[in-house]
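Accompanying notes for the structure given below.
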Amino acid sequence: MGSTGAGVSEPTETGTVEIVIRDLSKIFGQGAAAFHALSDIDLEIRTGEFFTLLGPSGCGKTTLLRVIAGFEQPSTGSLGINGKEVAGLGPNARPVNTVFQNYALFPHMTVAQNIGFGLKMQGRPRSEVEATTDEMLRLVKMEAMAERKPSEISGGQQQRVALARALAPRPRVLLLDEPLSALDLKLRKEMQGELKRLQTETGITFIFVTHDQEEALTMSDRIAVMSAGRILQLGSPHEIYHAPSERFVADFIGDTNFLDLPVASVDGSQATVTLPGGKETAARLPQGYLPVLGETVTTVIRPEQAQTVAPGQGDMDGVVENAVFFGTDTHVHLRLDDGQPFILRRQNIAEAREPAPGTRLGLTLSPGALRVLKG
Amino acid sequence: MFNRNFSVSRLPGFGAVAVFTFVMLYLPIIILVTFSFNAGVSQAQWEGFSLQWYQAAFQNDQVRDVSIRSLWLALAASGFATVLSTLAALGTTRVGRFPGQTMIYALINQPLMVPEIVTGVALLILVAFLKVQTGYTGMGYLVAAHTAFCIPFAYLPIRARLETMDITLEKAAADLYADHWQAFRYITLPLLVPGILAGFMLGFVISLDTVVITEFVKSAGQDTLPTYMLGQLRRTITPEMNAIATLFLALSLCIVTAFFVITRKRGT
Ligand SMILES: Nc1ncnc2c1ncn2[C@@H]1O[C@H](COP(=O)(O)OP(=O)(O)OP(=O)(O)O)[C@@H](O)[C@H]1O
Ligand SMILES: [Mg+2]
């Protein structure tokens, strides 16, 4: 019945593990029509962290969220929440609440009734339901609209109510499926800050789904980058951005230069590669990968990790093909001496002119910026 | 797609056809209503305004009896039909797909296609057999027959409402610790109320209106308003019938109006 008592969260300690997922897969359909929406998912989500699932459309983010919420059951593998195996349990028996992409507010109830619904279903006493509802209304700054129906408030306000409704029963984990995608840019930025504030204030573990890489980078403690039902890389925004484990991750997050370069020497976690033009420079190797001497490896470097100098003075030279002014910075598209393209992001600190096409520039790479991708 | 500049109303003869259609639709009814207020007995000559035929109708015990029977029969039949239709609609929209689902859908709607006279004859045979076997000749047969007849009508708006309802609302309820019953009680049912009311009223009007089914199933002394009127009209046509028909029309209009008001609101 409603008084399952699920959703009560004890004071959280950071560093403990909230969700443990092992060898989980989800297969839709059978036989020849079987579709692996999730494969070999191994994941630990820590208590109180802001965890983001990031990936292109159709990669299985929503499916993973639905499996955690209990709307879908995993085909194989195990799923533990707060030390308890929950595979097989329905959504009403899990200490997890969801903020739905379309908000799914109950149209026949007022804002306050919406927020109090979860507590009511848990069989909490009336006084507690009312007190918590008031507290939640304050938390999302919707006190003035408590008696309105969802159809009488704006999209951003509906968003807040959906958030308050999911937070009211104090779940251990809050699942958010692209909750900001329906909002315009300005409101979206505002809600990003709001979400982060709510997460810090409540200490509840947030699992956030987005396909917006900037949103993921700015908000998350850790990010899992997904593609085709698999987790490709798991790490902090810094690690994901600066040390992508494979080409897909590097390409999906931010602008990236991929340079194919021959290996001159290998020394532990470092390799020396030969740049176009003949100069040698150090490139970091990913763990457990040792290229053969002379082998051509793919390296990555972000567009802001190179500076312009006079031709011949830097690590390599390039010829400007065109330059695009973005306000805060300018993107300079270059062609290196061996024909490979290179994008350079130059901050517009001084009011410098964009270099004209055909200009020859020298490029200095930031030390340690160049990384080798796993073959 | 339609050309926005094209309008049917510009076709030659549109006005004439429209007027003719409305006249055909409403002229008989207007005459009927008008002559229910006639002071004389004539159905063709106006002899002044009077409420005497209404008075006569109200004082006619038989009319009162059959009206009451009609109303409670319609109430009972559409009540049962609505409950059963609601269950059927939930069963065909809120459970996983099961083999034969489409066939069940078709079977529920099929009575709409079967000519009423066929249903009537079939019921006549069955009811005659049951009456002989059981000796029971009460109103139960009429209630059952009307209920069965009303089900497809009640089912349609309820199912339509369930199909357009956002299913994530029920998921959200489950996510917020509601069990199946609570999700139904607090989310599905309140949102379904307009559909249920619409289904009930549609069933009510259909039951109130049906002549053929009643004619074949009823035992002696079980006349409803329509079968009583039919019986009376076979003998003489009195303006009292006009008055009864007018009242009947007024009741149907009220119900149909309520139906529109309720279904209009479903959009919100
Ligand atoms: N019930 C289902 N039956 C069959 N296939 C499904 C089902 N649900 C999802 N899929 C498939 O699983 C894949 C992953 O879907 P999912 O909704 O998880 O993607 P997503 O990463 O959330 O994408 P988006 O960013 O577009 O929301 C898709 O290819 C989808 O077609
Ligand atoms: Mg999705």
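Labels for the structure tokens follow display order: chains A, B, ..., residues from 1 in each chain, ligands from 1.
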Restrict the distance test to only C-alpha atoms, flag each residue of chain B within 6 Å of chain A, and return the flagged residues as JSON, numbers by chain. {"B": [169, 174, 175, 176, 177, 178]}
Counting only C-alpha atoms and all ligand atoms, what are the residues, protein, DNA or RNA alike, that approach ligand 2 to within 10 Å? I want them as a short mmCIF file (atom, residue, chain, number, x, y, z; two decimals) with N, CA, C and O atoms, in the first residue's frame.
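The resulting file, pocket_17.cif, is shown below:
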data_model
loop_
_atom_site.label_atom_id
_atom_site.label_comp_id
_atom_site.auth_asym_id
_atom_site.auth_seq_id
_atom_site.Cartn_x
_atom_site.Cartn_y
_atom_site.Cartn_z
N GLY A 55 24.90 11.73 -23.91
CA GLY A 55 25.09 10.95 -25.13
C GLY A 55 24.12 11.39 -26.20
O GLY A 55 23.15 12.10 -25.92
N PRO A 56 24.37 10.97 -27.43
CA PRO A 56 23.50 11.40 -28.52
C PRO A 56 22.12 10.74 -28.42
O PRO A 56 21.93 9.81 -27.65
N SER A 57 21.20 11.23 -29.21
CA SER A 57 19.84 10.71 -29.20
C SER A 57 19.82 9.22 -29.52
O SER A 57 20.52 8.77 -30.42
N GLY A 58 19.06 8.48 -28.75
CA GLY A 58 18.90 7.06 -29.01
C GLY A 58 19.97 6.18 -28.41
O GLY A 58 20.00 4.98 -28.66
N CYS A 59 20.87 6.75 -27.59
CA CYS A 59 21.97 5.95 -27.05
C CYS A 59 21.56 5.15 -25.81
O CYS A 59 22.32 4.33 -25.31
N GLY A 60 20.36 5.38 -25.29
CA GLY A 60 19.89 4.58 -24.17
C GLY A 60 19.85 5.30 -22.83
O GLY A 60 19.65 4.67 -21.80
N LYS A 61 19.98 6.63 -22.82
CA LYS A 61 19.95 7.39 -21.57
C LYS A 61 18.61 7.22 -20.85
O LYS A 61 18.56 6.89 -19.66
N THR A 62 17.54 7.46 -21.58
CA THR A 62 16.22 7.35 -20.97
C THR A 62 15.96 5.93 -20.50
O THR A 62 15.42 5.71 -19.42
N THR A 63 16.38 4.97 -21.31
CA THR A 63 16.18 3.57 -20.93
C THR A 63 16.88 3.27 -19.61
O THR A 63 16.29 2.65 -18.72
N LEU A 64 18.10 3.72 -19.47
CA LEU A 64 18.83 3.48 -18.22
C LEU A 64 18.10 4.13 -17.04
O LEU A 64 17.96 3.54 -15.97
N LEU A 65 17.61 5.33 -17.26
CA LEU A 65 16.89 6.03 -16.21
C LEU A 65 15.61 5.28 -15.84
O LEU A 65 15.27 5.14 -14.66
N ARG A 66 14.93 4.78 -16.85
CA ARG A 66 13.68 4.04 -16.61
C ARG A 66 13.93 2.73 -15.89
O ARG A 66 13.11 2.29 -15.08
N GLN A 101 10.25 14.40 -18.43
CA GLN A 101 10.62 15.38 -19.44
C GLN A 101 9.46 16.34 -19.75
O GLN A 101 9.66 17.52 -19.94
N ASP A 177 15.10 13.53 -16.46
CA ASP A 177 15.28 13.22 -17.88
C ASP A 177 15.14 14.49 -18.71
O ASP A 177 14.04 14.95 -19.00
N GLU A 178 16.27 15.05 -19.10
CA GLU A 178 16.29 16.28 -19.90
C GLU A 178 15.25 17.29 -19.40
O GLU A 178 14.41 17.74 -20.16
N VAL A 209 19.90 13.52 -17.06
CA VAL A 209 20.10 13.11 -18.44
C VAL A 209 20.11 14.34 -19.34
O VAL A 209 19.26 15.22 -19.20
N THR A 210 21.08 14.40 -20.21
CA THR A 210 21.09 15.51 -21.16
C THR A 210 21.85 15.08 -22.42
O THR A 210 22.61 14.13 -22.39
N HIS A 211 21.58 15.75 -23.52
CA HIS A 211 22.47 15.55 -24.66
C HIS A 211 23.21 16.85 -24.97
O HIS A 211 23.84 16.99 -26.00
#
Long-range neighbours of A:Ile45 as a list in words, 10 Å cut-off, only C-alpha atoms, 3 positions minimum in chain: Gly15, Thr16, Val17, Glu18, Ile19, Val20, Ile21, Gly48, Glu49, Phe50, Phe51, Ile81, Val173, Thr205, Phe206, Ile207 and Arg222 of chain A
Taking all heavy atoms for each residue, export the selection above as a tab-separated table (two decimals), in the first residue's frame.
chain	number	residue	atom	x	y	z
A	15	GLY	N	30.79	9.90	-0.20
A	15	GLY	CA	31.78	8.85	-0.33
A	15	GLY	C	31.17	7.47	-0.30
A	15	GLY	O	31.77	6.52	-0.76
A	16	THR	N	29.94	7.33	0.24
A	16	THR	CA	29.29	6.03	0.18
A	16	THR	C	28.64	5.86	-1.19
A	16	THR	O	28.38	6.82	-1.89
A	16	THR	CB	28.22	5.90	1.28
A	16	THR	OG1	27.29	6.96	1.10
A	16	THR	CG2	28.84	5.98	2.65
A	17	VAL	N	28.39	4.60	-1.52
A	17	VAL	CA	27.83	4.31	-2.84
A	17	VAL	C	26.32	4.19	-2.74
A	17	VAL	O	25.79	3.51	-1.87
A	17	VAL	CB	28.45	3.01	-3.39
A	17	VAL	CG1	27.79	2.66	-4.71
A	17	VAL	CG2	29.94	3.18	-3.56
A	18	GLU	N	25.62	4.90	-3.62
A	18	GLU	CA	24.16	4.92	-3.57
A	18	GLU	C	23.57	3.86	-4.49
A	18	GLU	O	22.69	3.11	-4.10
A	18	GLU	CB	23.69	6.31	-4.02
A	18	GLU	CG	22.21	6.56	-3.85
A	18	GLU	CD	21.79	6.50	-2.39
A	18	GLU	OE1	22.42	7.18	-1.57
A	18	GLU	OE2	20.84	5.77	-2.07
A	19	ILE	N	24.08	3.84	-5.73
A	19	ILE	CA	23.52	2.92	-6.71
A	19	ILE	C	24.64	2.06	-7.28
A	19	ILE	O	25.70	2.58	-7.64
A	19	ILE	CB	22.83	3.69	-7.85
A	19	ILE	CG1	21.58	4.38	-7.31
A	19	ILE	CG2	22.48	2.79	-9.03
A	19	ILE	CD1	20.74	5.06	-8.35
A	20	VAL	N	24.42	0.76	-7.30
A	20	VAL	CA	25.40	-0.15	-7.88
A	20	VAL	C	24.73	-0.91	-9.02
A	20	VAL	O	23.71	-1.56	-8.81
A	20	VAL	CB	25.93	-1.15	-6.84
A	20	VAL	CG1	26.97	-2.05	-7.48
A	20	VAL	CG2	26.52	-0.42	-5.64
A	21	ILE	N	25.29	-0.77	-10.21
A	21	ILE	CA	24.74	-1.47	-11.37
A	21	ILE	C	25.82	-2.42	-11.88
A	21	ILE	O	26.97	-2.02	-12.08
A	21	ILE	CB	24.33	-0.47	-12.47
A	21	ILE	CG1	23.20	0.43	-11.96
A	21	ILE	CG2	23.90	-1.20	-13.73
A	21	ILE	CD1	22.85	1.57	-12.88
A	48	GLY	N	24.90	11.53	-2.94
A	48	GLY	CA	24.99	12.98	-2.92
A	48	GLY	C	25.69	13.59	-4.11
A	48	GLY	O	25.95	14.78	-4.12
A	49	GLU	N	25.97	12.80	-5.14
A	49	GLU	CA	26.66	13.43	-6.27
A	49	GLU	C	25.68	13.83	-7.36
A	49	GLU	O	24.56	13.34	-7.44
A	49	GLU	CB	27.76	12.52	-6.83
A	49	GLU	CG	27.32	11.39	-7.72
A	49	GLU	CD	28.53	10.66	-8.33
A	49	GLU	OE1	29.54	11.31	-8.61
A	49	GLU	OE2	28.43	9.43	-8.51
A	50	PHE	N	26.12	14.76	-8.19
A	50	PHE	CA	25.36	15.18	-9.36
A	50	PHE	C	25.94	14.41	-10.53
A	50	PHE	O	27.00	14.72	-11.03
A	50	PHE	CB	25.51	16.69	-9.57
A	50	PHE	CG	24.46	17.28	-10.46
A	50	PHE	CD1	23.53	18.18	-9.96
A	50	PHE	CD2	24.39	16.94	-11.81
A	50	PHE	CE1	22.55	18.73	-10.78
A	50	PHE	CE2	23.42	17.47	-12.63
A	50	PHE	CZ	22.50	18.37	-12.11
A	51	PHE	N	25.21	13.37	-10.92
A	51	PHE	CA	25.72	12.44	-11.91
A	51	PHE	C	24.97	12.65	-13.22
A	51	PHE	O	23.75	12.72	-13.23
A	51	PHE	CB	25.52	11.01	-11.42
A	51	PHE	CG	26.21	9.97	-12.26
A	51	PHE	CD1	27.51	9.60	-11.97
A	51	PHE	CD2	25.56	9.38	-13.33
A	51	PHE	CE1	28.17	8.65	-12.74
A	51	PHE	CE2	26.22	8.43	-14.11
A	51	PHE	CZ	27.51	8.07	-13.81
A	81	ILE	N	20.05	-0.27	-4.88
A	81	ILE	CA	19.92	1.12	-4.44
A	81	ILE	C	20.07	1.12	-2.93
A	81	ILE	O	19.34	0.42	-2.23
A	81	ILE	CB	18.56	1.72	-4.85
A	81	ILE	CG1	18.42	1.71	-6.37
A	81	ILE	CG2	18.43	3.15	-4.32
A	81	ILE	CD1	17.08	2.19	-6.88
A	173	VAL	N	17.31	9.18	-4.34
A	173	VAL	CA	17.85	9.52	-5.66
A	173	VAL	C	16.77	10.23	-6.47
A	173	VAL	O	15.61	9.84	-6.44
A	173	VAL	CB	18.27	8.23	-6.42
A	173	VAL	CG1	18.84	8.58	-7.78
A	173	VAL	CG2	19.27	7.43	-5.60
A	205	THR	N	21.07	12.54	-4.15
A	205	THR	CA	21.79	12.13	-5.36
A	205	THR	C	20.96	12.46	-6.59
A	205	THR	O	19.80	12.07	-6.67
A	205	THR	CB	22.06	10.62	-5.32
A	205	THR	OG1	22.64	10.29	-4.06
A	205	THR	CG2	22.97	10.19	-6.45
A	206	PHE	N	21.53	13.19	-7.52
A	206	PHE	CA	20.83	13.54	-8.77
A	206	PHE	C	21.41	12.73	-9.91
A	206	PHE	O	22.62	12.71	-10.09
A	206	PHE	CB	21.00	15.03	-9.10
A	206	PHE	CG	20.01	15.96	-8.42
A	206	PHE	CD1	19.55	15.71	-7.14
A	206	PHE	CD2	19.55	17.10	-9.09
A	206	PHE	CE1	18.66	16.58	-6.52
A	206	PHE	CE2	18.66	17.98	-8.48
A	206	PHE	CZ	18.21	17.72	-7.20
A	207	ILE	N	20.55	12.09	-10.68
A	207	ILE	CA	21.00	11.49	-11.94
A	207	ILE	C	20.29	12.25	-13.05
A	207	ILE	O	19.07	12.25	-13.14
A	207	ILE	CB	20.69	9.99	-12.02
A	207	ILE	CG1	21.30	9.29	-10.81
A	207	ILE	CG2	21.25	9.41	-13.33
A	207	ILE	CD1	21.07	7.80	-10.80
A	222	ARG	N	30.18	14.10	-11.84
A	222	ARG	CA	30.74	13.12	-12.76
A	222	ARG	C	29.81	12.92	-13.95
A	222	ARG	O	28.61	13.12	-13.84
A	222	ARG	CB	30.95	11.77	-12.04
A	222	ARG	CG	32.17	11.81	-11.10
A	222	ARG	CD	32.57	10.40	-10.72
A	222	ARG	NE	31.45	9.65	-10.19
A	222	ARG	CZ	31.38	8.31	-10.24
A	222	ARG	NH1	32.36	7.61	-10.79
A	222	ARG	NH2	30.35	7.69	-9.72
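Across the model, the gap from atom CA of A:His331 to atom CA of A:Glu304 is 9.3 Å.
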Please list as a ChimeraX atom specification every residue within 10 Å of B:Phe149, counting only C-alpha atoms and excluding residues in the same chain fewer than 5 positions away. /B:77-78,81,111-112,116,119,143-144,154,203,206-207,210,213
Kindly export the residues of the current selection with C-alpha atoms, as a PDB file, in the first residue's frame.
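Contents of out_3.pdb, freshly written:
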ATOM      1  CA  ALA B  77     -29.321   0.076 -18.000  1.00  0.00           C
ATOM      2  CA  SER B  78     -26.947   2.968 -18.680  1.00  0.00           C
ATOM      3  CA  ALA B  81     -23.496  -0.331 -19.134  1.00  0.00           C
ATOM      4  CA  PRO B 111     -23.623  -4.277 -31.942  1.00  0.00           C
ATOM      5  CA  LEU B 112     -23.478  -0.800 -33.474  1.00  0.00           C
ATOM      6  CA  GLU B 116     -31.623  -3.388 -34.339  1.00  0.00           C
ATOM      7  CA  THR B 119     -30.902  -7.989 -32.215  1.00  0.00           C
ATOM      8  CA  VAL B 143     -32.692  -4.192 -17.980  1.00  0.00           C
ATOM      9  CA  ALA B 144     -30.314  -6.824 -19.325  1.00  0.00           C
ATOM     10  CA  ALA B 154     -21.055   4.040 -23.412  1.00  0.00           C
ATOM     11  CA  GLY B 203     -26.382   5.202 -22.926  1.00  0.00           C
ATOM     12  CA  ILE B 206     -30.164   5.385 -26.308  1.00  0.00           C
ATOM     13  CA  SER B 207     -32.089   3.336 -23.744  1.00  0.00           C
ATOM     14  CA  THR B 210     -35.111   2.411 -28.224  1.00  0.00           C
ATOM     15  CA  ILE B 213     -35.562  -3.940 -28.483  1.00  0.00           C
TER      16      ILE B 213
END
If we count only C-alpha atoms and set the cut-off at 8 Å, which residues sit around stretch 251-265 of chain B, ignoring sequence neighbours fewer than 2 positions away in its own chain? Please answer as an MDAnalysis selection string. chainID B and resid 194:195 197:198 201:202 205 247:249 267:268
Between B:Glu215, B:Asp209, B:Asp223, B:Asp61, single out the one closest to B:Ala245, counting only C-alpha atoms. B:Asp209
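Taking atom CA of A:Lys279 and atom CA of A:Met316 as endpoints, the distance between them is 7.1 Å.
Atom CA of A:Gly294 is found 21.7 Å from atom CA of A:Leu365.
Proximity to B:Ala39 at 7 Å, evaluated using only C-alpha atoms and with sequence-adjacent residues fewer than 3 positions away removed, yields Glu47, Gly48, Phe49 and Ser50 of chain B.
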Check stretch 53-141 of chain B with DSSP on the backbone and list each residue it calls alpha helix (DSSP H), as a PyMOL selection string. chain B and resi 53-59+61-93+101-109+116-134+140-141
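Closest approach to ligand 1 among B:Gly96, B:Arg234, B:Tyr54, B:Leu107 is made by B:Gly96 (distances from only C-alpha atoms and all ligand atoms).
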Nearby residues (only C-alpha atoms) at most 12 Å from B:Thr227, same-chain spacing under 5 positions excluded, as JSON, numbers by chain: {"B": [63, 66, 67, 69, 70, 208, 209, 210, 211, 212, 213, 214, 215, 216, 217, 218, 219, 220, 221, 222, 232, 233, 234]}
Writing out the chosen residues with C-alpha atoms as a PDB file, in the first residue's frame:
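Wrote it out as part12.pdb, contents follow:
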ATOM      1  CA  VAL B  63     -48.411   8.027 -19.212  1.00  0.00           C
ATOM      2  CA  VAL B  66     -44.617   4.298 -18.568  1.00  0.00           C
ATOM      3  CA  SER B  67     -42.527   7.473 -18.168  1.00  0.00           C
ATOM      4  CA  ARG B  69     -40.584   2.913 -16.106  1.00  0.00           C
ATOM      5  CA  SER B  70     -38.668   4.383 -19.039  1.00  0.00           C
ATOM      6  CA  LEU B 208     -34.781   5.978 -23.443  1.00  0.00           C
ATOM      7  CA  ASP B 209     -35.146   6.036 -27.189  1.00  0.00           C
ATOM      8  CA  THR B 210     -35.111   2.411 -28.224  1.00  0.00           C
ATOM      9  CA  VAL B 211     -38.418   0.971 -29.396  1.00  0.00           C
ATOM     10  CA  VAL B 212     -37.502  -2.177 -31.264  1.00  0.00           C
ATOM     11  CA  ILE B 213     -35.562  -3.940 -28.483  1.00  0.00           C
ATOM     12  CA  THR B 214     -38.202  -3.109 -25.882  1.00  0.00           C
ATOM     13  CA  GLU B 215     -41.038  -4.158 -28.155  1.00  0.00           C
ATOM     14  CA  PHE B 216     -39.534  -7.615 -28.619  1.00  0.00           C
ATOM     15  CA  VAL B 217     -38.411  -8.239 -25.059  1.00  0.00           C
ATOM     16  CA  LYS B 218     -41.154  -6.729 -22.873  1.00  0.00           C
ATOM     17  CA  SER B 219     -43.815  -8.792 -21.147  1.00  0.00           C
ATOM     18  CA  ALA B 220     -47.380  -7.608 -20.676  1.00  0.00           C
ATOM     19  CA  GLY B 221     -47.586  -4.368 -18.683  1.00  0.00           C
ATOM     20  CA  GLN B 222     -43.944  -3.470 -19.287  1.00  0.00           C
ATOM     21  CA  GLN B 232     -51.474   4.793 -28.803  1.00  0.00           C
ATOM     22  CA  LEU B 233     -50.665   6.146 -32.223  1.00  0.00           C
ATOM     23  CA  ARG B 234     -51.929   2.945 -33.802  1.00  0.00           C
TER      24      ARG B 234
END
